[in-house]
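What follows is the content of model_21.cif (mmCIF, C-alpha atoms).
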data_my_file
loop_
_atom_site.label_atom_id
_atom_site.label_comp_id
_atom_site.auth_asym_id
_atom_site.auth_seq_id
_atom_site.Cartn_x
_atom_site.Cartn_y
_atom_site.Cartn_z
CA MET Z 1 -2.79 -9.59 -34.43
CA SER Z 2 -3.12 -7.91 -31.09
CA ASN Z 3 -6.40 -7.32 -29.35
CA ALA Z 4 -6.34 -3.54 -29.35
CA GLY Z 5 -5.28 -0.66 -31.45
CA ARG Z 6 -2.95 2.09 -30.42
CA ARG Z 7 -3.75 3.76 -27.16
CA PRO Z 8 -2.91 7.27 -26.14
CA ARG Z 9 0.18 7.24 -23.99
CA LEU Z 10 -1.46 8.87 -21.04
CA TRP Z 11 1.31 7.83 -18.69
CA ILE Z 12 3.55 10.49 -20.23
CA PRO Z 13 1.46 13.61 -19.42
CA LEU Z 14 0.44 12.07 -16.10
CA SER Z 15 4.06 11.45 -15.15
CA LEU Z 16 5.01 14.96 -16.17
CA ALA Z 17 2.13 16.33 -14.13
CA GLY Z 18 3.36 14.21 -11.22
CA ILE Z 19 6.86 15.64 -11.48
CA LEU Z 20 5.45 19.15 -11.65
CA LEU Z 21 3.30 18.58 -8.57
CA ILE Z 22 6.24 17.14 -6.66
CA ALA Z 23 8.25 20.24 -7.49
CA LEU Z 24 5.43 22.58 -6.49
CA GLY Z 25 4.83 20.68 -3.25
CA ALA Z 26 8.51 20.72 -2.40
CA ALA Z 27 8.71 24.44 -3.18
CA ARG Z 28 5.98 25.28 -0.71
CA GLY Z 29 7.53 23.23 2.07
CA GLU Z 30 5.47 20.07 2.12
CA VAL Z 31 8.56 17.87 2.23
CA ASP Z 32 9.46 19.35 5.60
CA THR Z 33 5.97 18.63 6.89
CA VAL Z 34 6.31 15.01 5.79
CA PHE Z 35 9.77 14.80 7.31
CA ARG Z 36 8.71 16.26 10.66
CA LYS Z 37 5.88 13.76 10.88
CA ALA Z 38 7.94 10.80 9.75
CA ILE Z 39 10.82 11.16 12.18
CA MET Z 40 8.55 11.06 15.22
CA ILE Z 41 6.76 7.92 16.26
CA CYS Z 42 3.15 8.74 15.55
CA LEU Z 43 1.52 7.11 18.55
CA GLU Z 44 -1.89 8.16 17.36
CA CYS Z 45 -1.28 6.54 13.97
CA ILE Z 46 -0.26 3.17 15.31
CA GLY Z 47 -2.69 3.02 18.18
CA ILE Z 48 -0.38 3.18 21.17
CA GLY Z 49 -1.16 6.69 22.22
CA MET T 50 1.01 -13.98 -36.04
CA VAL T 51 3.73 -13.05 -33.65
CA ASN T 52 6.55 -15.42 -32.96
CA ALA T 53 7.14 -14.81 -29.32
CA SER T 54 8.96 -16.89 -26.78
CA LYS T 55 7.02 -17.56 -23.65
CA GLN T 56 7.74 -15.14 -20.86
CA ARG T 57 8.29 -16.32 -17.30
CA ILE T 58 7.91 -13.98 -14.36
CA ARG T 59 10.58 -15.22 -11.98
CA GLY T 60 12.01 -14.06 -8.72
CA ARG T 61 9.04 -11.95 -7.62
CA GLY T 62 9.21 -13.28 -4.06
CA LEU T 63 12.90 -12.46 -3.89
CA ILE T 64 12.32 -8.95 -5.22
CA GLN T 65 9.57 -8.42 -2.64
CA LEU T 66 11.82 -9.62 0.15
CA LEU T 67 14.85 -7.62 -0.94
CA PHE T 68 12.85 -4.41 -1.39
CA ALA T 69 11.16 -4.84 1.99
CA ALA T 70 14.57 -5.48 3.61
CA LEU T 71 16.17 -2.53 1.84
CA THR T 72 13.44 -0.09 2.82
CA ASN T 73 13.39 -1.39 6.40
CA SER T 74 17.12 -1.57 6.83
CA PHE T 75 17.48 0.60 9.94
CA VAL T 76 18.37 -2.40 12.10
CA THR T 77 19.40 -0.18 15.00
CA GLY T 78 15.75 0.75 15.31
CA PHE T 79 14.74 -2.83 15.98
CA ALA T 80 17.47 -3.21 18.55
CA ALA T 81 16.83 0.04 20.40
CA GLY T 82 13.12 0.61 19.88
CA LYS T 83 13.80 3.81 17.96
CA ILE T 84 12.90 4.90 14.47
CA TYR T 85 15.09 6.25 11.70
CA GLN T 86 15.32 10.03 11.70
CA GLY T 87 17.55 10.68 8.71
CA ASP T 88 16.96 12.64 5.54
CA LEU T 89 15.69 9.67 3.54
CA LYS T 90 12.42 10.07 5.40
CA ARG T 91 11.73 13.07 3.20
CA LEU T 92 11.07 10.51 0.47
CA CYS T 93 8.17 8.11 0.30
CA HIS T 94 8.02 4.36 -0.07
CA PRO T 95 5.97 3.42 -3.13
CA GLY T 96 4.12 0.77 -1.12
CA LEU T 97 2.38 0.68 2.23
CA ASN T 98 5.18 0.70 4.79
CA CYS T 99 4.57 2.42 8.11
CA TYR T 100 7.04 5.19 8.89
CA SER T 101 6.78 4.35 12.55
CA CYS T 102 8.22 0.90 11.87
CA PRO T 103 11.58 0.80 13.69
CA GLY T 104 13.35 -0.28 10.50
CA ALA T 105 11.66 2.03 8.00
CA VAL T 106 13.96 4.41 6.17
CA LEU T 107 11.24 5.97 4.00
CA SER T 108 7.89 7.59 4.70
CA CYS T 109 4.56 5.87 4.14
CA PRO T 110 2.74 7.71 1.30
CA ILE T 111 -0.68 7.26 2.89
CA GLY T 112 0.52 8.37 6.32
CA ALA T 113 2.34 11.31 4.75
CA LEU T 114 -0.70 12.28 2.69
CA GLN T 115 -2.85 12.43 5.81
CA ALA T 116 -0.13 14.28 7.69
CA VAL T 117 0.04 17.05 5.09
CA ILE T 118 -3.73 17.24 4.58
CA GLY T 119 -4.23 17.36 8.34
CA SER T 120 -1.52 19.93 8.95
CA ARG T 121 -2.37 23.49 9.73
CA ALA T 122 -0.33 24.78 6.81
CA PHE T 123 -1.87 22.78 3.95
CA ASN T 124 -5.22 21.36 2.93
CA LEU T 125 -3.92 19.48 -0.08
CA SER T 126 -0.63 17.77 -0.67
CA LEU T 127 0.83 18.55 -4.06
CA TYR T 128 3.99 16.64 -3.14
CA LEU T 129 2.13 13.43 -2.33
CA MET T 130 -0.34 13.80 -5.19
CA GLY T 131 2.59 14.23 -7.55
CA PHE T 132 4.46 11.29 -6.08
CA LEU T 133 1.46 8.98 -6.31
CA LEU T 134 0.68 10.20 -9.83
CA LEU T 135 4.24 9.61 -10.99
CA VAL T 136 4.53 6.15 -9.44
CA GLY T 137 1.01 5.18 -10.50
CA ALA T 138 1.44 6.38 -14.10
CA THR T 139 4.70 4.53 -14.56
CA LEU T 140 4.33 1.39 -12.45
CA GLY T 141 0.64 1.16 -11.57
CA ARG T 142 -0.11 -1.78 -9.30
CA PHE T 143 3.25 -3.35 -10.09
CA VAL T 144 4.03 -1.70 -6.77
CA CYS T 145 1.43 -3.92 -5.06
CA GLY T 146 2.77 -7.10 -6.62
CA PHE T 147 6.48 -6.47 -6.32
CA LEU T 148 7.30 -3.65 -3.92
CA CYS T 149 4.73 -3.55 -1.12
CA PRO T 150 5.89 -5.19 2.13
CA PHE T 151 2.37 -5.59 3.46
CA GLY T 152 1.28 -7.25 0.22
CA MET T 153 4.19 -9.66 0.62
CA ILE T 154 3.15 -10.49 4.18
CA GLN T 155 -0.39 -11.25 3.03
CA GLU T 156 0.97 -13.54 0.30
CA TRP T 157 3.03 -15.42 2.87
CA LEU T 158 -0.06 -15.84 5.03
CA TYR T 159 -2.04 -17.15 2.07
CA LYS T 160 0.58 -19.87 1.60
CA ILE T 161 -0.31 -21.34 4.98
CA PRO T 162 -2.13 -24.59 4.24
CA PHE T 163 -5.80 -24.32 5.10
CA PRO T 164 -8.63 -26.53 3.86
CA TRP T 165 -11.05 -23.69 3.17
CA LYS T 166 -9.42 -21.17 0.83
CA ARG T 167 -12.04 -18.82 -0.54
CA ASN T 168 -11.48 -16.09 -3.11
CA ARG T 169 -14.85 -16.07 -4.80
CA PHE T 170 -17.93 -15.22 -2.84
CA ARG T 171 -21.01 -13.16 -3.42
CA ALA T 172 -19.92 -9.92 -1.73
CA ASP T 173 -16.43 -9.92 -3.25
CA THR T 174 -17.18 -7.50 -6.07
CA ALA T 175 -19.05 -5.02 -3.90
CA LEU T 176 -16.42 -5.13 -1.16
CA ARG T 177 -13.74 -4.07 -3.62
CA TYR T 178 -15.31 -0.63 -3.73
CA LEU T 179 -14.60 -0.24 -0.03
CA LYS T 180 -11.01 0.78 -0.67
CA TYR T 181 -12.23 3.82 -2.62
CA VAL T 182 -14.39 4.76 0.36
CA MET T 183 -11.31 4.40 2.58
CA LEU T 184 -9.38 6.71 0.28
CA VAL T 185 -12.02 9.42 -0.02
CA VAL T 186 -13.41 9.37 3.51
CA LEU T 187 -10.63 8.27 5.87
CA VAL T 188 -7.53 9.44 4.01
CA ILE T 189 -8.75 12.70 2.49
CA ALA T 190 -12.06 14.00 3.86
CA LEU T 191 -11.80 13.36 7.60
CA PRO T 192 -8.21 14.55 8.07
CA MET T 193 -9.16 17.65 6.10
CA LEU T 194 -12.47 18.40 7.79
CA LEU T 195 -12.20 17.08 11.34
CA VAL T 196 -9.69 19.35 12.98
CA ASN T 197 -8.93 20.11 16.59
CA ASP T 198 -8.77 23.54 18.20
CA ALA T 199 -5.26 24.01 16.90
CA GLY T 200 -6.44 23.37 13.35
CA ALA T 201 -4.74 19.99 12.98
CA GLY T 202 -6.53 17.00 11.51
CA SER T 203 -6.18 13.40 12.59
CA PRO T 204 -4.69 10.63 10.39
CA THR T 205 -7.95 8.73 10.48
CA PHE T 206 -7.05 5.79 8.26
CA CYS T 207 -3.82 5.11 10.15
CA LYS T 208 -5.51 5.62 13.49
CA TYR T 209 -8.54 3.38 13.06
CA VAL T 210 -7.79 0.96 10.24
CA CYS T 211 -4.27 0.48 8.96
CA PRO T 212 -3.12 -3.01 10.03
CA ALA T 213 0.29 -2.38 8.44
CA GLY T 214 0.95 0.33 11.01
CA THR T 215 -0.07 -1.99 13.82
CA LEU T 216 2.03 -4.88 12.57
CA GLU T 217 5.09 -2.92 11.49
CA GLY T 218 4.99 -0.09 13.99
CA ALA T 219 2.91 -0.66 17.09
CA VAL T 220 3.70 -4.33 17.75
CA PRO T 221 7.48 -4.04 17.52
CA LEU T 222 7.57 -0.80 19.50
CA VAL T 223 5.38 -2.16 22.27
CA LEU T 224 7.37 -5.39 22.39
CA LEU T 225 10.65 -3.50 22.40
CA SER T 226 9.47 -1.16 25.12
CA GLY T 227 8.97 -4.28 27.20
CA ALA T 228 6.53 -2.77 29.63
CA ALA T 229 3.29 -2.05 27.90
CA LYS T 230 0.33 -1.57 30.10
CA ALA T 231 -2.52 -3.97 29.80
CA PRO T 232 -5.25 -3.20 27.27
CA GLY T 233 -8.09 -1.42 28.93
CA ASP T 234 -5.96 0.67 31.21
CA ALA T 235 -7.19 4.19 31.27
CA LEU T 236 -5.24 6.67 29.25
CA PRO T 237 -4.44 10.05 30.70
CA ALA T 238 -6.18 12.93 29.09
CA GLY T 239 -4.19 15.35 27.02
CA PRO T 240 -1.61 15.17 24.29
CA LEU T 241 -0.31 11.81 23.20
CA GLN T 242 3.06 10.96 24.60
CA PRO T 243 5.15 8.06 25.76
CA GLN T 244 4.52 7.34 29.40
CA ALA T 245 6.89 9.30 31.63
CA LEU T 246 9.56 7.13 33.11
CA PRO T 247 9.70 6.91 36.93
CA GLY T 248 12.02 9.34 38.59
CA LEU T 249 12.23 11.70 35.68
CA PRO T 250 11.16 15.30 35.78
CA ALA T 251 7.99 15.98 33.88
CA GLY T 252 8.69 17.72 30.62
CA PRO T 253 6.46 19.47 28.16
CA PRO T 254 3.98 17.14 26.51
CA LEU T 255 4.88 15.87 23.10
CA LEU T 256 2.21 16.26 20.49
CA GLN T 257 3.23 13.28 18.43
CA GLY T 258 5.42 11.28 20.74
CA ALA T 259 9.11 10.83 20.21
CA ALA T 260 11.42 8.01 19.32
CA VAL T 261 13.32 8.48 22.53
CA LEU T 262 12.74 11.16 25.12
CA PRO T 263 15.40 13.86 24.86
CA GLY T 264 18.53 13.04 26.74
CA LEU T 265 17.42 9.58 27.68
CA GLU T 266 19.11 6.37 26.75
CA ALA T 267 16.26 4.30 28.11
CA GLN T 268 13.43 3.18 25.85
CA PRO T 269 10.08 4.86 26.24
CA VAL T 270 7.20 2.89 27.65
CA TYR T 271 4.12 2.98 25.47
CA GLN T 272 0.61 2.96 26.70
CA THR T 273 -1.93 0.60 25.28
CA GLY T 274 -5.62 1.11 25.62
CA ALA T 275 -8.89 0.86 23.78
CA LEU T 276 -7.45 2.18 20.51
CA PHE T 277 -4.59 -0.30 20.64
CA THR T 278 -7.05 -3.11 21.32
CA TRP T 279 -9.15 -2.04 18.34
CA LYS T 280 -6.11 -1.84 16.08
CA MET T 281 -4.93 -5.26 17.22
CA ALA T 282 -8.39 -6.67 16.45
CA VAL T 283 -8.33 -5.19 12.93
CA MET T 284 -4.83 -6.55 12.39
CA ALA T 285 -5.81 -10.00 13.67
CA LEU T 286 -8.84 -10.03 11.38
CA VAL T 287 -6.75 -9.10 8.34
CA ILE T 288 -4.15 -11.74 9.24
CA LEU T 289 -6.79 -14.45 9.65
CA LEU T 290 -8.56 -13.43 6.45
CA SER T 291 -5.25 -13.49 4.60
CA VAL T 292 -4.94 -17.19 5.32
CA VAL T 293 -8.23 -17.97 3.55
CA ASN T 294 -8.43 -15.11 1.04
CA TYR T 295 -5.66 -13.84 -1.26
CA ARG T 296 -4.57 -10.32 -0.26
CA PRO T 297 -7.85 -9.24 1.38
CA PHE T 298 -6.44 -5.90 2.55
CA CYS T 299 -5.23 -5.07 -0.98
CA LYS T 300 -8.57 -6.03 -2.49
CA TYR T 301 -10.95 -4.43 -0.03
CA LEU T 302 -9.25 -1.81 2.13
CA CYS T 303 -6.02 -0.41 0.75
CA PRO T 304 -6.34 3.27 -0.28
CA LEU T 305 -2.92 3.10 -1.92
CA GLY T 306 -4.12 0.20 -4.07
CA ALA T 307 -7.15 2.30 -4.96
CA ILE T 308 -4.96 5.14 -6.23
CA TYR T 309 -2.61 2.89 -8.18
CA GLY T 310 -5.62 0.90 -9.43
CA LEU T 311 -7.15 4.00 -10.98
CA LEU T 312 -3.89 4.56 -12.85
CA ASN T 313 -3.32 0.89 -13.74
CA PRO T 314 -5.19 1.09 -17.08
CA VAL T 315 -2.88 3.80 -18.40
CA ALA T 316 0.35 2.91 -16.60
CA LEU T 317 3.56 2.34 -18.51
CA TYR T 318 4.06 -1.07 -16.93
CA ARG T 319 1.46 -3.27 -18.59
CA LEU T 320 0.09 -6.70 -19.17
CA ARG T 321 0.06 -7.40 -22.90
CA MET T 322 -2.03 -9.85 -24.89
CA GLU T 323 -1.32 -11.14 -28.36
CA GLU T 324 -4.63 -12.46 -29.54
CA SER T 325 -3.20 -14.44 -32.40
CA LEU T 326 -1.36 -16.60 -29.89
CA CYS T 327 -4.26 -17.11 -27.49
CA ILE T 328 -5.89 -20.53 -27.60
CA HIS T 329 -8.63 -19.55 -25.12
CA CYS T 330 -7.68 -22.33 -22.73
CA GLY T 331 -8.71 -20.29 -19.68
CA ARG T 332 -5.57 -21.14 -17.71
CA CYS T 333 -4.82 -17.47 -17.10
CA ARG T 334 -8.24 -17.03 -15.54
CA LYS T 335 -7.80 -20.07 -13.33
CA ALA T 336 -4.35 -18.93 -12.24
CA CYS T 337 -5.49 -15.44 -11.21
CA LEU T 338 -5.89 -15.28 -7.44
CA MET T 339 -7.39 -11.80 -7.76
CA CYS T 340 -10.27 -13.46 -9.69
CA LEU T 341 -9.73 -11.50 -12.90
CA ASP T 342 -9.96 -12.43 -16.56
CA PRO T 343 -6.62 -11.54 -18.17
CA GLU T 344 -7.63 -13.01 -21.51
CA HIS T 345 -10.22 -10.32 -22.06
CA ARG T 346 -9.06 -7.44 -19.88
CA GLN T 347 -5.39 -7.02 -19.13
CA ASN T 348 -4.95 -3.65 -17.51
CA GLN T 349 -7.69 -3.36 -14.99
CA PRO T 350 -7.54 -1.62 -11.61
CA GLU T 351 -7.60 -4.85 -9.63
CA CYS T 352 -4.58 -6.48 -11.29
CA VAL T 353 -1.57 -6.44 -8.95
CA ARG T 354 0.84 -7.60 -11.69
CA CYS T 355 1.80 -10.80 -9.91
CA GLY T 356 2.44 -12.43 -13.26
CA ASP T 357 0.70 -15.72 -12.42
CA CYS T 358 -1.37 -15.46 -15.62
CA VAL T 359 1.76 -14.88 -17.71
CA ASN T 360 3.37 -17.95 -16.20
CA ALA T 361 0.21 -20.01 -16.72
CA CYS T 362 -0.18 -19.04 -20.38
CA PRO T 363 0.99 -22.02 -22.46
CA THR T 364 1.52 -20.11 -25.70
CA GLY T 365 3.15 -16.88 -24.61
CA ALA T 366 0.14 -14.80 -25.60
CA LEU T 367 0.32 -12.90 -22.31
CA THR T 368 3.41 -10.91 -21.48
CA MET T 369 4.16 -8.21 -18.95
CA GLY T 370 6.55 -5.30 -19.12
CA PHE T 371 7.11 -1.65 -19.84
CA GLY T 372 5.34 -0.16 -22.80
CA ASP T 373 3.30 -1.44 -25.70
CA LYS T 374 5.79 -3.73 -27.24
CA ARG T 375 2.97 -6.08 -28.12
CA ARG T 376 0.01 -3.70 -28.00
CA THR T 377 -2.41 -4.13 -25.18
CA ASP T 378 -6.03 -3.71 -24.28
CA GLU T 379 -6.11 -0.48 -22.39
CA THR T 380 -9.63 0.77 -22.61
CA ALA T 381 -11.18 -2.21 -20.89
CA GLY T 382 -9.04 -1.50 -17.89
CA ALA T 383 -11.05 1.56 -17.02
CA ALA T 384 -13.99 -0.65 -16.17
CA SER T 385 -15.44 -0.88 -12.73
CA PRO T 386 -14.53 -3.76 -10.40
CA ALA T 387 -17.95 -5.21 -11.10
CA ARG T 388 -17.00 -5.73 -14.71
CA GLN T 389 -13.56 -6.98 -13.93
CA THR T 390 -14.17 -9.80 -11.54
CA ARG T 391 -15.52 -13.09 -12.59
CA GLY T 392 -17.38 -13.97 -9.48
#
Write-out of the structure in C-alpha cells:
Amino acid sequence: MSNAGRRPRLWIPLSLAGILLIALGAARGEVDTVFRKAIMICLECIGIG
Amino acid sequence: MVNASKQRIRGRGLIQLLFAALTNSFVTGFAAGKIYQGDLKRLCHPGLNCYSCPGAVLSCPIGALQAVIGSRAFNLSLYLMGFLLLVGATLGRFVCGFLCPFGMIQEWLYKIPFPWKRNRFRADTALRYLKYVMLVVLVIALPMLLVNDAGAGSPTFCKYVCPAGTLEGAVPLVLLSGAAKAPGDALPAGPLQPQALPGLPAGPPLLQGAAVLPGLEAQPVYQTGALFTWKMAVMALVILLSVVNYRPFCKYLCPLGAIYGLLNPVALYRLRMEESLCIHCGRCRKACLMCLDPEHRQNQPECVRCGDCVNACPTGALTMGFGDKRRTDETAGAASPARQTRG
C-alpha cells in the first residue's frame, strides 16, 4: 500500500497556465527584450563594468 | 504489496556534463572572447547558466527575468513567469539535480577530499529561507523599484550576488581579454562599456557593453574594480563552502531553486514511496546530502532529485520518475524548510 491517496494533478493546470503566459509574453514582445539583453555582454551583471 | 524491482538512478553525472556542454557549445566564444548572438538566445536555459558566458547558447532565466522586470517597457515578465511555471510544474527541482551547470560545479567541488565536511549545523534550516529573500528582494523588487532616470532597473541579483555569472561570464571574459586592470582601479563615470582601445576614435557609449566593438577584430579590454572584487569574493566564498557543504548556493541563495522548490511538491517528476516495501532502515535519510527525510516526505521543496536515496533504498520502496505510477506523498511536500530538514 502506498503512503498517500490520490493527489490533484496540479501540474496540468500549472503547465497550461505556463504555456499561456509564455504565449502572452511573447505576443507583447518580451522575447525581444530578453534577446536584446542576452546578446550583449552585461558588464553590470557580471561585475566587470 | 507491490512487487517492484529496485530502481537505480544511473548516469546523472554524465547527463549533467552533456547538458552543460550542449548549452555552452559556442566554442568560438571561448576562443575569441565573444558571446553567442544567435536566435537561440531568445530561449532560456532551465538552470542557472549565465548568458554572458562565452559558450552559452541560451539565456539565463534569472538574468532574463530581471532584464524584463527592469526594462522600461515591462514591470512583469509573463514570458519568464510562464517559462518557470512550465518547467517547474513538469520537472521541479529535477532541473537542479540533472540540468543545472552551476549545481554540477558545486557537486564536483564537494567531491574534493576534505576532513571537515559539514552539512548539518544549527543555522542550516534558517539559512534555507535566504533564497526566497533573494528571489523576492533582489530578483523582483529591486529591479522593479530602483530605476535610473531613464526608467531602467538594475539586475541586482546578478550584479551583487550571482557567483555563476562571475565564474561563467566574468572570469573567462577577463582572462580572454588578457589585459584587465588591477582591482581597485578607478572606474570612469558614466555608462558601462568596455575600455576604449588605444588609437581608436571614441564612439557613443554602450549602455550594456558589447561582445566586440563594432568593426573591430580585437578583443575588448574589460575594466575591473570594486564590484569585480566583490563578485570575486562572493564566488570564492561559494567555491570554498562547496568543498565542505553540499551545494551551498542551491540550498541558501539560488532564486531559481526557490521557484522550482515551490513547485516541487506538485511537479510531474516525482519521488515515489511504496510504504509496503519500506523497512524503515533509514538508509535513504543517511544518503541524502540535502539533509532531508525521503522516507516520510518525498516531494519537498529542498529535494534536488539527485536520486541518492533511491539508490540507497535496499528494497525498492523509493522510486523516481514522471507521474504517480506508485502514488506518492504530495501534501507533505508543501511544508516549510523547517519541517523538511532533519537538523
Write out as a list in words the residues lying within 12 Å of Pro13 (chain Z), counting only C-alpha atoms and excluding same-chain residues fewer than 4 positions away.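 Listed by chain and then number, they are Pro8, Arg9, Ala17, Gly18, Ile19 and Leu20 of chain Z; Gly131, Leu134, Leu135, Ala138, Thr139, Val315, Ala316 and Leu317 of chain T.
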Grab the residues selected above and save them as an mmCIF file, in the frame of the given file with C-alpha atoms.
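Dumped to result00.cif:
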data_model
loop_
_atom_site.group_PDB
_atom_site.id
_atom_site.type_symbol
_atom_site.label_atom_id
_atom_site.label_comp_id
_atom_site.auth_asym_id
_atom_site.auth_seq_id
_atom_site.Cartn_x
_atom_site.Cartn_y
_atom_site.Cartn_z
ATOM 1 C CA PRO Z 8 -2.910 7.270 -26.140
ATOM 2 C CA ARG Z 9 0.180 7.240 -23.990
ATOM 3 C CA ALA Z 17 2.130 16.330 -14.130
ATOM 4 C CA GLY Z 18 3.360 14.210 -11.220
ATOM 5 C CA ILE Z 19 6.860 15.640 -11.480
ATOM 6 C CA LEU Z 20 5.450 19.150 -11.650
ATOM 7 C CA GLY T 131 2.590 14.230 -7.550
ATOM 8 C CA LEU T 134 0.680 10.200 -9.830
ATOM 9 C CA LEU T 135 4.240 9.610 -10.990
ATOM 10 C CA ALA T 138 1.440 6.380 -14.100
ATOM 11 C CA THR T 139 4.700 4.530 -14.560
ATOM 12 C CA VAL T 315 -2.880 3.800 -18.400
ATOM 13 C CA ALA T 316 0.350 2.910 -16.600
ATOM 14 C CA LEU T 317 3.560 2.340 -18.510
#
Please evaluate the PyMOL selection byres ((chain Z) within 6 of (chain T)) against the structure above and give the resulting residues as a PyMOL selection string. chain Z and resi 1-4+10-11+15+18-19+21-22+25+31+34-35+38-42+44-49
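The interatomic distance for the pair CA of Leu176 (chain T) and CA of Tyr301 (chain T) works out to 5.6 Å.
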Selection result for the PyMOL selection byres ((chain T and resi 340) around 12) on this file, as a PyMOL selection string: chain T and resi 167-170+173-174+177+294-296+300+333-339+341-343+346+349+351-353+357-358+386-392
C-alpha atoms of the current selection, written as a PDB file, in the frame of the given file:
ATOM      1  CA  ARG T 167     -12.040 -18.820  -0.540  1.00  0.00           C
ATOM      2  CA  ASN T 168     -11.480 -16.090  -3.110  1.00  0.00           C
ATOM      3  CA  ARG T 169     -14.850 -16.070  -4.800  1.00  0.00           C
ATOM      4  CA  PHE T 170     -17.930 -15.220  -2.840  1.00  0.00           C
ATOM      5  CA  ASP T 173     -16.430  -9.920  -3.250  1.00  0.00           C
ATOM      6  CA  THR T 174     -17.180  -7.500  -6.070  1.00  0.00           C
ATOM      7  CA  ARG T 177     -13.740  -4.070  -3.620  1.00  0.00           C
ATOM      8  CA  ASN T 294      -8.430 -15.110   1.040  1.00  0.00           C
ATOM      9  CA  TYR T 295      -5.660 -13.840  -1.260  1.00  0.00           C
ATOM     10  CA  ARG T 296      -4.570 -10.320  -0.260  1.00  0.00           C
ATOM     11  CA  LYS T 300      -8.570  -6.030  -2.490  1.00  0.00           C
ATOM     12  CA  CYS T 333      -4.820 -17.470 -17.100  1.00  0.00           C
ATOM     13  CA  ARG T 334      -8.240 -17.030 -15.540  1.00  0.00           C
ATOM     14  CA  LYS T 335      -7.800 -20.070 -13.330  1.00  0.00           C
ATOM     15  CA  ALA T 336      -4.350 -18.930 -12.240  1.00  0.00           C
ATOM     16  CA  CYS T 337      -5.490 -15.440 -11.210  1.00  0.00           C
ATOM     17  CA  LEU T 338      -5.890 -15.280  -7.440  1.00  0.00           C
ATOM     18  CA  MET T 339      -7.390 -11.800  -7.760  1.00  0.00           C
ATOM     19  CA  LEU T 341      -9.730 -11.500 -12.900  1.00  0.00           C
ATOM     20  CA  ASP T 342      -9.960 -12.430 -16.560  1.00  0.00           C
ATOM     21  CA  PRO T 343      -6.620 -11.540 -18.170  1.00  0.00           C
ATOM     22  CA  ARG T 346      -9.060  -7.440 -19.880  1.00  0.00           C
ATOM     23  CA  GLN T 349      -7.690  -3.360 -14.990  1.00  0.00           C
ATOM     24  CA  GLU T 351      -7.600  -4.850  -9.630  1.00  0.00           C
ATOM     25  CA  CYS T 352      -4.580  -6.480 -11.290  1.00  0.00           C
ATOM     26  CA  VAL T 353      -1.570  -6.440  -8.950  1.00  0.00           C
ATOM     27  CA  ASP T 357       0.700 -15.720 -12.420  1.00  0.00           C
ATOM     28  CA  CYS T 358      -1.370 -15.460 -15.620  1.00  0.00           C
ATOM     29  CA  PRO T 386     -14.530  -3.760 -10.400  1.00  0.00           C
ATOM     30  CA  ALA T 387     -17.950  -5.210 -11.100  1.00  0.00           C
ATOM     31  CA  ARG T 388     -17.000  -5.730 -14.710  1.00  0.00           C
ATOM     32  CA  GLN T 389     -13.560  -6.980 -13.930  1.00  0.00           C
ATOM     33  CA  THR T 390     -14.170  -9.800 -11.540  1.00  0.00           C
ATOM     34  CA  ARG T 391     -15.520 -13.090 -12.590  1.00  0.00           C
ATOM     35  CA  GLY T 392     -17.380 -13.970  -9.480  1.00  0.00           C
TER      36      GLY T 392
END
May I ask for the distance between CA of His329 (chain T) and CA of Gly365 (chain T), given in Å to one decimal place? 12.1 Å
Box for region 31-46 of chain Z - axis-aligned, 3 Å on each of the six sides, all listed atoms - centre and size in Å to one decimal, as AutoDock Vina command-line options.
--center_x 4.5 --center_y 11.3 --center_z 10.4 --size_x 18.7 --size_y 22.2 --size_z 22.3
By how many Å are CA of Ile12 (chain Z) and CA of Pro304 (chain T) apart?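 So the two atoms, CA of Ile12 (chain Z) and CA of Pro304 (chain T), lie 23.4 Å apart.
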